[in-house]
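K.L.:
My structure is in start.txt, and what it holds is compact mmCIF, C-alpha atoms and all ligand atoms:
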```txt
# COMPACT_ATOMS: atom_id res chain seq x y z
CA MET A 1 10.34 39.52 50.19
CA ASP A 2 12.32 40.42 47.15
CA ALA A 3 12.58 44.16 47.00
CA VAL A 4 14.45 46.21 44.43
CA TYR A 5 14.57 49.80 45.58
CA ASP A 6 16.11 52.29 43.19
CA SER A 7 14.47 55.56 44.27
CA SER A 8 14.48 56.67 40.65
CA GLY A 9 11.18 58.42 41.04
CA GLY A 10 7.79 57.26 39.87
CA ARG A 11 5.16 57.43 37.24
CA SER A 12 2.87 59.37 39.55
CA SER A 13 2.98 62.85 40.87
CA THR A 14 4.26 62.95 44.42
CA ASP A 15 1.83 65.87 45.01
CA ARG A 16 -0.98 63.36 45.11
CA PHE A 17 0.76 61.33 47.82
CA PRO A 18 2.33 63.86 50.19
CA VAL A 19 2.81 61.36 53.02
CA GLY A 20 4.40 58.78 50.74
CA ALA A 21 6.68 61.49 49.34
CA THR A 22 8.25 62.09 52.74
CA VAL A 23 8.82 58.45 53.74
CA THR A 24 12.42 57.21 53.64
CA LEU A 25 13.81 53.67 53.67
CA GLU A 26 15.22 54.45 57.12
CA ASP A 27 11.72 55.28 58.39
CA LEU A 28 10.45 51.96 57.09
CA ALA A 29 13.36 50.03 58.55
CA ASN A 30 13.68 51.68 61.93
CA ASP A 31 10.49 53.42 62.94
CA ALA A 32 8.15 51.41 60.76
CA HIS A 33 4.88 51.28 62.66
CA PRO A 34 4.15 54.99 63.22
CA CYS A 35 5.19 55.63 59.63
CA LEU A 36 2.93 52.84 58.32
CA ALA A 37 0.05 54.17 60.46
CA ARG A 38 0.42 57.63 58.89
CA LEU A 39 0.41 56.13 55.42
CA ARG A 40 -2.53 53.82 56.13
CA ASP A 41 -4.65 56.66 57.53
CA ALA A 42 -4.04 59.08 54.69
CA GLU A 43 -2.86 57.03 51.69
CA PRO A 44 -3.50 53.28 52.11
CA VAL A 45 -2.20 52.89 48.56
CA SER A 46 0.60 55.42 48.21
CA TRP A 47 3.40 56.21 45.77
CA LEU A 48 6.75 56.11 47.57
CA PRO A 49 9.66 57.67 45.68
CA ALA A 50 11.93 55.91 48.20
CA ILE A 51 10.98 52.50 46.83
CA GLY A 52 10.18 53.60 43.30
CA GLY A 53 6.77 52.00 43.59
CA TRP A 54 3.46 51.78 45.36
CA LEU A 55 3.22 50.81 49.02
CA VAL A 56 -0.04 49.20 50.13
CA THR A 57 -0.71 49.50 53.87
CA GLY A 58 -4.48 48.98 54.14
CA ARG A 59 -5.54 45.39 54.78
CA GLU A 60 -8.31 45.39 52.16
CA PRO A 61 -6.20 46.54 49.18
CA ALA A 62 -3.35 44.31 50.44
CA LEU A 63 -5.63 41.27 50.21
CA THR A 64 -6.75 42.30 46.73
CA VAL A 65 -3.15 42.44 45.51
CA LEU A 66 -2.12 39.17 47.14
CA ARG A 67 -5.10 37.24 45.79
CA ASP A 68 -5.06 38.58 42.24
CA ALA A 69 -1.95 37.13 40.60
CA ASP A 70 -3.36 37.88 37.13
CA SER A 71 -3.13 41.61 37.79
CA PHE A 72 -0.24 41.63 40.31
CA THR A 73 2.45 39.11 39.44
CA VAL A 74 5.77 38.01 40.92
CA ASP A 75 6.92 36.91 37.47
CA ASP A 76 9.12 39.85 36.51
CA PRO A 77 12.80 40.14 35.51
CA ARG A 78 13.37 42.55 38.41
CA PHE A 79 12.74 39.74 40.91
CA SER A 80 16.20 39.28 42.42
CA THR A 81 15.93 35.78 43.97
CA ALA A 82 15.24 34.32 40.52
CA GLN A 83 18.36 36.06 39.20
CA VAL A 84 20.47 34.18 41.75
CA VAL A 85 18.89 30.71 41.89
CA GLY A 86 16.69 30.57 38.78
CA PRO A 87 12.88 30.47 38.40
CA SER A 88 11.01 28.78 41.25
CA MET A 89 7.58 28.75 42.87
CA LEU A 90 8.42 32.13 44.41
CA SER A 91 8.96 33.83 41.05
CA THR A 92 6.30 32.24 38.83
CA ASP A 93 2.53 32.53 38.54
CA GLY A 94 -0.37 30.65 37.00
CA ASP A 95 0.14 27.10 35.69
CA ASP A 96 3.90 27.35 35.93
CA HIS A 97 3.65 28.28 39.60
CA ALA A 98 1.42 25.27 40.27
CA ARG A 99 3.92 23.03 38.48
CA HIS A 100 6.74 24.31 40.73
CA ARG A 101 4.78 24.24 44.00
CA THR A 102 2.53 21.17 43.83
CA PRO A 103 5.27 18.51 44.07
CA PHE A 104 6.38 19.95 47.45
CA ALA A 105 2.92 20.56 48.89
CA ALA A 106 2.20 17.20 50.54
CA ALA A 107 5.38 17.27 52.64
CA PHE A 108 4.40 20.65 54.15
CA ARG A 109 0.77 19.88 55.01
CA GLN A 110 -0.21 20.21 58.65
CA VAL A 111 -0.52 16.51 59.45
CA ALA A 112 2.72 15.58 57.68
CA VAL A 113 4.55 18.36 59.50
CA ARG A 114 3.10 17.39 62.86
CA ASP A 115 3.96 13.72 62.40
CA GLY A 116 7.46 14.41 61.12
CA PHE A 117 8.50 17.35 63.25
CA GLU A 118 6.49 17.91 66.44
CA ALA A 119 8.47 15.61 68.70
CA TRP A 120 11.78 16.50 67.08
CA THR A 121 11.38 20.30 67.31
CA SER A 122 10.32 20.05 70.93
CA THR A 123 13.39 17.96 71.83
CA GLU A 124 15.68 20.16 69.74
CA ALA A 125 14.42 23.42 71.28
CA ARG A 126 15.05 22.01 74.75
CA ARG A 127 18.48 20.71 73.77
CA LEU A 128 19.50 24.11 72.42
CA LEU A 129 18.42 25.86 75.61
CA ALA A 130 19.69 23.20 78.01
CA GLY A 131 23.35 24.12 77.60
CA HIS A 132 22.66 27.63 78.91
CA LEU A 133 20.46 26.93 81.93
CA ALA A 134 23.17 27.30 84.55
CA LEU A 135 24.30 30.67 83.18
CA GLY A 136 21.23 32.60 84.26
CA HIS A 137 21.26 34.69 81.07
CA CYS A 138 21.47 34.29 77.30
CA ASP A 139 20.46 35.77 73.98
CA LEU A 140 17.46 33.71 72.91
CA ARG A 141 17.84 34.71 69.27
CA GLN A 142 21.39 33.42 69.16
CA VAL A 143 21.04 30.24 71.21
CA LEU A 144 17.51 29.20 70.28
CA ALA A 145 15.72 31.02 67.43
CA GLY A 146 18.58 30.96 64.91
CA PRO A 147 19.89 27.40 65.36
CA LEU A 148 16.37 25.99 65.56
CA ALA A 149 15.45 27.60 62.22
CA VAL A 150 18.53 26.13 60.50
CA GLY A 151 18.10 22.71 62.11
CA VAL A 152 14.45 22.47 61.09
CA ILE A 153 15.00 23.22 57.40
CA ALA A 154 18.13 21.03 57.27
CA ARG A 155 15.99 18.18 58.55
CA ALA A 156 13.08 18.98 56.20
CA LEU A 157 15.26 19.00 53.08
CA GLU A 158 17.10 15.77 54.02
CA LEU A 159 20.11 16.82 51.95
CA ALA A 160 22.90 14.25 51.72
CA ASP A 161 25.95 15.16 53.86
CA ALA A 162 24.50 18.51 54.88
CA ASP A 163 24.76 19.38 58.55
CA PRO A 164 23.17 22.63 59.77
CA ASP A 165 26.50 24.54 59.50
CA ARG A 166 26.82 23.70 55.83
CA VAL A 167 23.18 24.67 55.23
CA LEU A 168 23.84 27.98 56.98
CA GLY A 169 26.89 28.59 54.75
CA TRP A 170 24.83 28.11 51.57
CA TYR A 171 22.08 30.25 52.95
CA ARG A 172 24.43 33.14 53.78
CA ALA A 173 26.02 33.02 50.33
CA ILE A 174 22.63 33.08 48.60
CA VAL A 175 21.44 35.98 50.79
CA ASP A 176 24.66 37.84 49.88
CA GLY A 177 23.93 37.24 46.22
CA VAL A 178 20.33 38.42 46.45
CA GLU A 179 21.33 41.53 48.42
CA GLY A 180 24.05 42.24 45.86
CA VAL A 181 21.57 42.02 42.98
CA ASN A 182 19.19 44.29 44.89
CA ALA A 183 22.03 46.81 45.17
CA GLY A 184 22.70 46.59 41.42
CA ARG A 185 25.78 44.31 41.55
CA ALA A 186 26.43 41.12 39.57
CA VAL A 187 26.25 37.78 41.39
CA GLY A 188 29.66 37.32 43.09
CA ASP A 189 32.04 34.34 43.03
CA GLY A 190 31.24 33.29 46.61
CA THR A 191 27.56 33.01 45.76
CA ARG A 192 28.31 31.16 42.52
CA ARG A 193 30.48 28.63 44.38
CA ALA A 194 27.79 28.09 47.03
CA VAL A 195 25.10 27.68 44.37
CA ALA A 196 27.28 25.10 42.55
CA ASP A 197 28.01 23.24 45.80
CA LEU A 198 24.35 23.17 46.82
CA ARG A 199 23.42 22.08 43.30
CA SER A 200 25.80 19.10 43.48
CA VAL A 201 24.39 18.11 46.87
CA VAL A 202 20.81 18.33 45.56
CA ASP A 203 21.79 16.13 42.58
CA ARG A 204 23.52 13.63 44.89
CA THR A 205 20.52 13.53 47.24
CA VAL A 206 18.22 12.70 44.31
CA ARG A 207 20.63 9.96 43.15
CA ASP A 208 21.52 8.38 46.51
CA SER A 209 18.71 9.09 48.99
CA ALA A 210 15.69 7.18 47.75
CA GLY A 211 12.56 8.15 49.65
CA SER A 212 13.85 11.60 50.61
CA LEU A 213 11.72 14.67 49.80
CA LEU A 214 13.92 15.72 46.88
CA ALA A 215 14.20 12.22 45.44
CA GLU A 216 10.42 11.89 45.54
CA VAL A 217 9.88 15.27 43.86
CA ALA A 218 12.43 14.33 41.19
CA GLU A 219 10.70 11.02 40.63
CA GLY A 220 7.39 12.83 40.09
CA GLY A 221 9.00 14.13 36.89
CA SER A 222 7.32 17.54 36.62
CA LEU A 223 10.43 19.60 37.44
CA THR A 224 13.78 19.74 35.64
CA ALA A 225 16.96 19.25 37.68
CA ASP A 226 17.51 23.03 37.54
CA GLU A 227 14.01 23.66 38.86
CA LEU A 228 14.39 21.12 41.64
CA PHE A 229 17.53 22.96 42.68
CA SER A 230 15.97 26.46 42.54
CA ASN A 231 12.97 25.39 44.62
CA THR A 232 15.26 23.74 47.16
CA ALA A 233 17.22 26.97 47.42
CA VAL A 234 13.97 28.94 47.84
CA LEU A 235 12.80 26.61 50.59
CA MET A 236 16.08 27.19 52.39
CA PHE A 237 16.10 30.91 51.67
CA GLY A 238 12.43 31.23 52.68
CA ALA A 239 12.84 29.32 55.92
CA ILE A 240 15.90 30.52 57.78
CA GLU A 241 15.79 34.27 58.26
CA THR A 242 12.00 34.34 58.52
CA SER A 243 11.72 31.55 61.09
CA GLU A 244 14.54 32.95 63.18
CA GLY A 245 12.73 36.30 63.13
CA MET A 246 9.35 34.78 63.88
CA THR A 247 10.67 32.96 66.95
CA ALA A 248 12.75 35.91 68.16
CA ASN A 249 9.76 38.26 67.77
CA ALA A 250 7.38 35.89 69.57
CA LEU A 251 9.74 35.42 72.51
CA ALA A 252 10.36 39.15 72.74
CA HIS A 253 6.66 40.04 72.57
CA LEU A 254 5.69 37.50 75.19
CA LEU A 255 8.54 38.06 77.63
CA GLY A 256 8.14 41.81 77.23
CA SER A 257 4.47 41.82 78.16
CA ALA A 258 4.01 40.86 81.81
CA ASP A 259 0.21 40.47 81.84
CA GLN A 260 0.12 38.43 78.62
CA LEU A 261 3.00 36.26 79.80
CA GLU A 262 1.18 35.55 83.03
CA ALA A 263 -1.97 34.54 81.14
CA VAL A 264 -0.08 32.26 78.75
CA ALA A 265 2.00 30.67 81.51
CA ALA A 266 -1.22 29.93 83.42
CA ASP A 267 -2.95 28.45 80.37
CA ARG A 268 -0.48 26.89 77.98
CA SER A 269 -3.15 26.23 75.38
CA LEU A 270 -2.77 29.97 74.63
CA VAL A 271 0.77 29.57 73.26
CA PRO A 272 -0.37 29.20 69.60
CA ASP A 273 -2.49 32.37 69.95
CA ALA A 274 0.47 34.22 71.43
CA VAL A 275 2.55 33.17 68.42
CA GLU A 276 -0.20 34.27 66.03
CA GLU A 277 -0.57 37.63 67.76
CA SER A 278 3.17 38.13 67.50
CA LEU A 279 2.97 37.39 63.76
CA ARG A 280 0.28 40.05 63.52
CA MET A 281 2.31 42.63 65.43
CA GLU A 282 5.58 42.00 63.61
CA PRO A 283 5.50 39.80 60.52
CA ALA A 284 9.09 38.60 60.15
CA ALA A 285 8.90 39.08 56.37
CA THR A 286 7.17 42.39 56.15
CA LEU A 287 7.25 43.51 52.51
CA VAL A 288 6.28 41.44 49.48
CA ASP A 289 6.62 42.65 45.91
CA ARG A 290 4.32 42.32 42.93
CA TYR A 291 4.36 43.92 39.46
CA ALA A 292 1.25 45.22 37.68
CA THR A 293 0.57 43.20 34.53
CA GLY A 294 -1.61 45.95 33.07
CA ALA A 295 -3.26 49.23 33.96
CA VAL A 296 -5.42 48.50 37.00
CA GLU A 297 -7.28 50.38 39.71
CA LEU A 298 -6.57 49.60 43.36
CA ALA A 299 -8.67 51.28 46.04
CA GLY A 300 -9.47 54.05 43.57
CA ILE A 301 -5.83 54.61 42.61
CA ALA A 302 -4.69 54.11 39.01
CA ILE A 303 -1.72 51.75 38.77
CA SER A 304 0.23 51.61 35.48
CA VAL A 305 1.48 48.53 33.68
CA GLY A 306 4.85 47.40 35.04
CA ASP A 307 4.57 49.36 38.30
CA LEU A 308 6.11 47.84 41.40
CA VAL A 309 3.35 47.23 43.97
CA THR A 310 4.78 46.41 47.39
CA VAL A 311 2.47 45.13 50.11
CA SER A 312 3.32 46.03 53.69
CA LEU A 313 2.15 43.03 55.72
CA ALA A 314 2.99 44.96 58.88
CA GLY A 315 0.76 47.81 57.71
CA ALA A 316 -2.12 45.49 56.88
CA ASN A 317 -1.76 43.62 60.16
CA ARG A 318 -2.28 46.78 62.21
CA ASP A 319 -5.22 48.10 60.22
CA PRO A 320 -7.56 49.48 62.90
CA ALA A 321 -10.56 48.75 60.66
CA VAL A 322 -9.94 45.07 61.43
CA PHE A 323 -7.84 44.94 64.60
CA VAL A 324 -9.05 46.98 67.57
CA ASP A 325 -6.26 48.85 69.39
CA PRO A 326 -3.82 47.42 66.85
CA ASP A 327 -0.57 48.38 68.60
CA ARG A 328 -1.44 46.34 71.67
CA PHE A 329 -0.07 42.77 72.02
CA ASP A 330 -3.22 40.89 73.03
CA VAL A 331 -3.27 37.10 72.84
CA GLY A 332 -7.04 37.11 73.42
CA ARG A 333 -7.97 38.76 70.11
CA PRO A 334 -10.98 37.04 68.58
CA ASN A 335 -9.85 37.52 64.96
CA LEU A 336 -6.18 36.52 64.98
CA SER A 337 -6.70 34.30 61.96
CA LEU A 338 -7.12 37.45 59.86
CA GLN A 339 -3.44 38.38 60.18
CA LEU A 340 -1.48 38.25 56.91
CA ALA A 341 2.10 37.35 57.93
CA PHE A 342 2.07 34.29 55.65
CA VAL A 343 0.18 36.21 52.94
CA ARG A 344 -2.95 34.87 51.17
CA GLY A 345 -3.53 33.67 47.65
CA PRO A 346 -1.33 31.50 45.45
CA HIS A 347 1.94 32.37 47.19
CA THR A 348 0.72 31.61 50.72
CA CYS A 349 3.80 30.49 52.64
CA LEU A 350 4.39 26.82 51.99
CA GLY A 351 6.21 26.42 55.31
CA LEU A 352 3.64 28.04 57.60
CA HIS A 353 2.82 24.90 59.60
CA LEU A 354 6.49 24.10 60.06
CA ALA A 355 7.21 27.68 61.04
CA ARG A 356 4.40 27.77 63.60
CA LEU A 357 5.45 24.42 65.03
CA GLN A 358 9.02 25.51 65.67
CA THR A 359 8.10 28.84 67.25
CA ILE A 360 5.57 27.14 69.51
CA ALA A 361 8.25 24.60 70.48
CA ALA A 362 10.67 27.41 71.30
CA VAL A 363 8.11 29.29 73.44
CA ASP A 364 7.19 26.08 75.26
CA ALA A 365 10.85 25.30 75.92
CA VAL A 366 11.41 28.77 77.40
CA LEU A 367 8.29 28.60 79.58
CA ASP A 368 9.25 25.11 80.82
CA LEU A 369 12.99 25.48 81.29
CA ILE A 370 13.43 29.13 82.30
CA PRO A 371 9.98 30.10 83.62
CA GLY A 372 11.25 33.17 85.45
CA ALA A 373 13.12 34.62 82.47
CA GLY A 374 12.63 38.33 81.80
CA LEU A 375 13.76 40.58 78.96
CA ASP A 376 16.81 42.67 79.84
CA ASP A 377 16.43 46.45 80.00
CA ASP A 378 18.76 46.95 77.04
CA PHE A 379 16.43 45.01 74.72
CA GLU A 380 15.80 46.90 71.47
CA SER A 381 12.72 46.09 69.44
CA ALA A 382 12.61 44.67 65.91
CA ARG A 383 14.10 46.50 62.96
CA GLY A 384 14.56 45.86 59.29
CA LEU A 385 13.17 46.96 55.94
CA VAL A 386 12.10 43.61 54.48
CA PHE A 387 12.85 41.18 57.31
CA ARG A 388 12.12 42.44 60.82
CA LYS A 389 13.49 41.07 64.06
CA PRO A 390 15.36 42.30 67.14
CA ALA A 391 19.17 42.17 66.95
CA THR A 392 19.18 40.20 70.20
CA VAL A 393 16.65 38.84 72.70
CA PRO A 394 18.68 39.13 75.90
CA VAL A 395 17.07 37.48 78.91
CA THR A 396 18.02 36.84 82.51
CA TRP A 397 16.59 34.45 85.07
CA ASP A 398 17.24 34.06 88.78
CA HIS A 399 16.93 30.39 89.44
CA PRO A 400 18.60 28.15 86.91
CA GLN A 401 16.43 25.10 86.36
CA SER A 402 17.54 21.58 85.66
CA VAL A 403 16.33 19.77 82.52
C1 LIG A 501 10.03 26.32 57.80
C2 LIG A 501 9.93 27.57 57.49
C3 LIG A 501 9.48 28.12 56.16
C4 LIG A 501 9.51 27.55 54.91
C5 LIG A 501 10.01 26.17 54.53
C6 LIG A 501 8.94 28.54 54.00
C7 LIG A 501 8.80 28.34 52.64
C8 LIG A 501 8.18 29.22 51.80
C9 LIG A 501 8.05 29.04 50.39
C10 LIG A 501 8.58 27.85 49.60
C11 LIG A 501 7.36 30.09 49.89
C12 LIG A 501 7.00 30.35 48.44
C13 LIG A 501 5.58 29.90 48.20
C14 LIG A 501 5.11 30.27 46.82
O1 LIG A 501 5.57 31.27 46.26
O2 LIG A 501 4.23 29.56 46.31
C15 LIG A 501 7.07 30.98 51.00
C16 LIG A 501 6.39 32.16 50.90
C17 LIG A 501 6.30 33.05 51.92
N1 LIG A 501 6.71 32.87 53.22
FE1 LIG A 501 7.52 31.21 53.99
N2 LIG A 501 8.58 29.64 54.72
C18 LIG A 501 8.90 29.43 56.03
C19 LIG A 501 8.73 30.31 57.06
C20 LIG A 501 8.19 31.56 56.94
C21 LIG A 501 8.04 32.50 58.02
C22 LIG A 501 8.48 32.26 59.45
C23 LIG A 501 7.47 33.62 57.50
C24 LIG A 501 7.10 34.89 58.19
C25 LIG A 501 6.75 34.99 59.45
C26 LIG A 501 7.26 33.38 56.10
C27 LIG A 501 6.68 34.27 55.24
C28 LIG A 501 6.44 34.03 53.92
C29 LIG A 501 5.82 34.99 53.03
C30 LIG A 501 5.36 36.37 53.42
C31 LIG A 501 5.73 34.38 51.78
C32 LIG A 501 5.12 34.97 50.52
C33 LIG A 501 6.15 35.64 49.64
C34 LIG A 501 5.46 36.32 48.51
O3 LIG A 501 4.25 36.23 48.36
O4 LIG A 501 6.15 37.01 47.73
N3 LIG A 501 7.71 32.14 55.80
N4 LIG A 501 7.58 30.43 52.15
```
So that I can check it, write out the structure of this file as structure tokens.
Ligand code: HEM
P.N.:
Amino acid sequence: MDAVYDSSGGRSSTDRFPVGATVTLEDLANDAHPCLARLRDAEPVSWLPAIGGWLVTGREPALTVLRDADSFTVDDPRFSTAQVVGPSMLSTDGDDHARHRTPFAAAFRQVAVRDGFEAWTSTEARRLLAGHLALGHCDLRQVLAGPLAVGVIARALELADADPDRVLGWYRAIVDGVEGVNAGRAVGDGTRRAVADLRSVVDRTVRDSAGSLLAEVAEGGSLTADELFSNTAVLMFGAIETSEGMTANALAHLLGSADQLEAVAADRSLVPDAVEESLRMEPAATLVDRYATGAVELAGIAISVGDLVTVSLAGANRDPAVFVDPDRFDVGRPNLSLQLAFVRGPHTCLGLHLARLQTIAAVDAVLDLIPGAGLDDDFESARGLVFRKPATVPVTWDHPQSV
């Protein structure tokens, strides 16, 4: 999720990886799946001059990288999020990673998330959609997926005086900063101001909001004030774009697949499987970066110390060795739990239960409130190099329902 692409060439001969040598960033962003399939078939661990590193598209080597933080670490000065917000659980490994992550873990466990968020997300998803029912059309990414993602993390962080618009402002400024660093620029003034503003709100929340998540983590005493801030920023950064994409992708997959939609509408207990299958087809965060801590072999390929090793979750999730007919959206797959959209290993997404809950709430709201909705003909499928989602999810329905 934190790519630095400099196309400065690699340590390995491109002759050995002829498919990887031809792949461009545009291929990966726009026409990703056929390109990933070519790589996975011929070079499941391939050197890509376009990213200046290795791209892993086979599920087996992907799992190896994700699980082995001793050999493939996130803790590297090239990691751009850490340059903007400071070290956090996302940019550390080993004991330090546990120290950053553990204080937040309880709040994001499945039961805690269900108790704290299930009713609220359901009501909020319906509220967001309700204002548009009479129109007969809308963009579900804009009216539902995006605002729901911001509202959920704003509620989870319980920041003092922070409504969703303010949270969105901080988020955008941090994303700007991270993108700037990725493009080789220094962190700009707008990002610095937003970081300082968010920092003061985090400090105030700890001081004034006893019992809130951040106050409790601070009270635990294992993180400095700087670290509490950086992890808060990472929670925000990790939640918004990804959850918006996850919900937009799930709605698009389901509404775009008549037979699967019919099955899910007839048996609503299938909604979680539909969401999981959508995560398999199009993981909203599709590339994650690691750095080799030493010379190491991966699927028979020699990796050198310091090499960038990028895992394509989208590639792994369509590996035909694991998923039969992998390009087909099929909510009845028996092995959906093998999909890797939330990765595996020490950096497994902390927010996965909260993310699933909100996307399920959004799908349920759409099926309940606009049951006849269909994707418009001008719908264009997901794009993006690191984060993948459709630009819009335009839908139309004939018979506006009442709430
Ligand atoms: C409420 C929503 C979410 C929150 C609060 C959240 C939070 C986080 C946090 C804090 C981490 C870092 C964990 C660590 O390094 O130990 C993380 C990792 C990750 N998250 Fe999430 N996340 C959310 C939604 C999502 C969604 C919707 C996706 C994709 C569909 C996603 C994909 C990932 C991935 C791939 C990683 C691993 C990054 C890596 O290994 O480099 N997250 N998430």
K.L.:
Within 6 Å of range 323-340 of chain A, counting all atoms listed in the file, which residues show up once you throw out same-chain ones fewer than 6 positions away? Write them as a list in words, please.
P.N.:
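So the residues in contact are Asp273, Ala274, Glu277, Arg280 and Asn317 of chain A.
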K.L.:
Go through the chains and note each residue within 7 Å of ligand LIG 501 (chain A), using all atoms listed in the file, then give the set as an MDAnalysis selection string.
P.N.:
chainID A and resid 1 74 89:91 97 101 152:153 234:236 238:240 242:243 245:246 279 283:286 288:289 341:343 346:352 354:355
K.L.:
Please enclose the listed atoms of range 340-343 of chain A in an axis-aligned box, pad each side by 3 Å, and write out the centre and the three edge lengths in Å, rounded to one decimal, as JSON.
P.N.:
```
{"center_x": 0.3, "center_y": 36.3, "center_z": 55.4, "size_x": 9.6, "size_y": 10.0, "size_z": 11.0}
```
K.L.:
Measuring between all atoms listed in the file, which one of A:Ala21, A:Leu129, A:Ala62, A:Leu313 shows the shortest distance to Asp368 in chain A?
P.N.:
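Looking at the shortest contact to Asp368 in chain A, the residue is A:Leu129.
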K.L.:
To one decimal place in Å, what is the distance between CA of Leu128 in chain A and CA of Ala145 in chain A?
P.N.:
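CA of Ala145 in chain A lies at a distance of 9.3 Å from CA of Leu128 in chain A.
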K.L.:
Got a sec: who's within 6 Å of range 185-193 of chain A, counting all atoms listed in the file, leaving out chain neighbours fewer than 6 positions off, as a ChimeraX atom specification?
P.N.:
/A:173-174,177
K.L.:
So that each row is one residue of range 48-125 of chain A with an atom at most 9 Å from range 301-307 of chain A, can you give its shortest atom pair and the distance in Å to one decimal, using all atoms listed in the file, rows by chain and rising number, as a Markdown table?
P.N.:
```
| residue | atom | partner | partner_atom | distance |
| --- | --- | --- | --- | --- |
| A:Gly52 | CA | A:Asp307 | CA | 8.6 |
| A:Gly53 | CA | A:Asp307 | CA | 6.3 |
| A:Trp54 | CA | A:Asp307 | CA | 7.5 |
| A:Asp76 | CA | A:Gly306 | CA | 8.8 |
```
K.L.:
Hey, can you check how far CA of Ala107 in chain A sits from CA of Ser230 in chain A?
P.N.:
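Here the two named atoms are 17.3 Å from each other.
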K.L.:
Which polymer residues have any atom within 9 Å of an atom of Leu254 in chain A, counting all atoms listed in the file, with same-chain residues fewer than 5 positions away left out, as a PyMOL selection string?
P.N.:
chain A and resi 249+260-261+264+274-275+278+329+363
K.L.:
Restricting it to C-alpha atoms, dump the selection as a tab-separated table (two decimals), in the coordinates of the input.
P.N.:
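Contents of the output file again.tsv:
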```
chain	number	residue	atom	x	y	z
A	249	ASN	CA	9.76	38.26	67.77
A	260	GLN	CA	0.12	38.43	78.62
A	261	LEU	CA	3.00	36.26	79.80
A	264	VAL	CA	-0.08	32.26	78.75
A	274	ALA	CA	0.47	34.22	71.43
A	275	VAL	CA	2.55	33.17	68.42
A	278	SER	CA	3.17	38.13	67.50
A	329	PHE	CA	-0.07	42.77	72.02
A	363	VAL	CA	8.11	29.29	73.44
```
K.L.:
Given all atoms listed in the file as the basis, pick out the residue of A:Arg199, A:Arg99, A:His137, A:Arg290 nearest to Asp398 in chain A.
P.N.:
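Among the listed residues, the smallest separation from Asp398 in chain A belongs to A:His137.
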K.L.:
Here is a test: counting all atoms listed in the file, which residue of A:Arg127, A:Val113, A:Gly211, A:Glu227 is nearest to Glu158 in chain A?
P.N.:
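Closest candidate: A:Gly211.
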K.L.:
Got a sec: who's within 12 Å of Glu216 in chain A, counting only C-alpha atoms, leaving out chain neighbours fewer than 2 positions off, as an MDAnalysis selection string?
P.N.:
chainID A and resid 103:107 157:158 205:214 218:223 228
K.L.:
Which residues come within 9 Å of Ser122 in chain A, counting only C-alpha atoms, excluding same-chain residues fewer than 2 positions away, as a list in words?
P.N.:
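Skipping anything fewer than 2 positions along the chain leaves Phe117, Glu118, Ala119, Trp120, Glu124, Ala125, Arg126, Arg127, Leu357, Gln358, Ile360, Ala361, Ala362, Asp364 and Ala365 of chain A.
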K.L.:
Could you jot down the CA of Leu367 in chain A to CA of Pro390 in chain A separation for me, Å, one decimal place?
P.N.:
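Distance between the two atoms: 19.8 Å.
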K.L.:
Using only C-alpha atoms, can you tell me which of A:Thr359, A:Arg67, A:Leu287, A:Val84 comes closest to Gly146 in chain A?
P.N.:
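That would be A:Thr359, the residue with the smallest distance to Gly146 in chain A.
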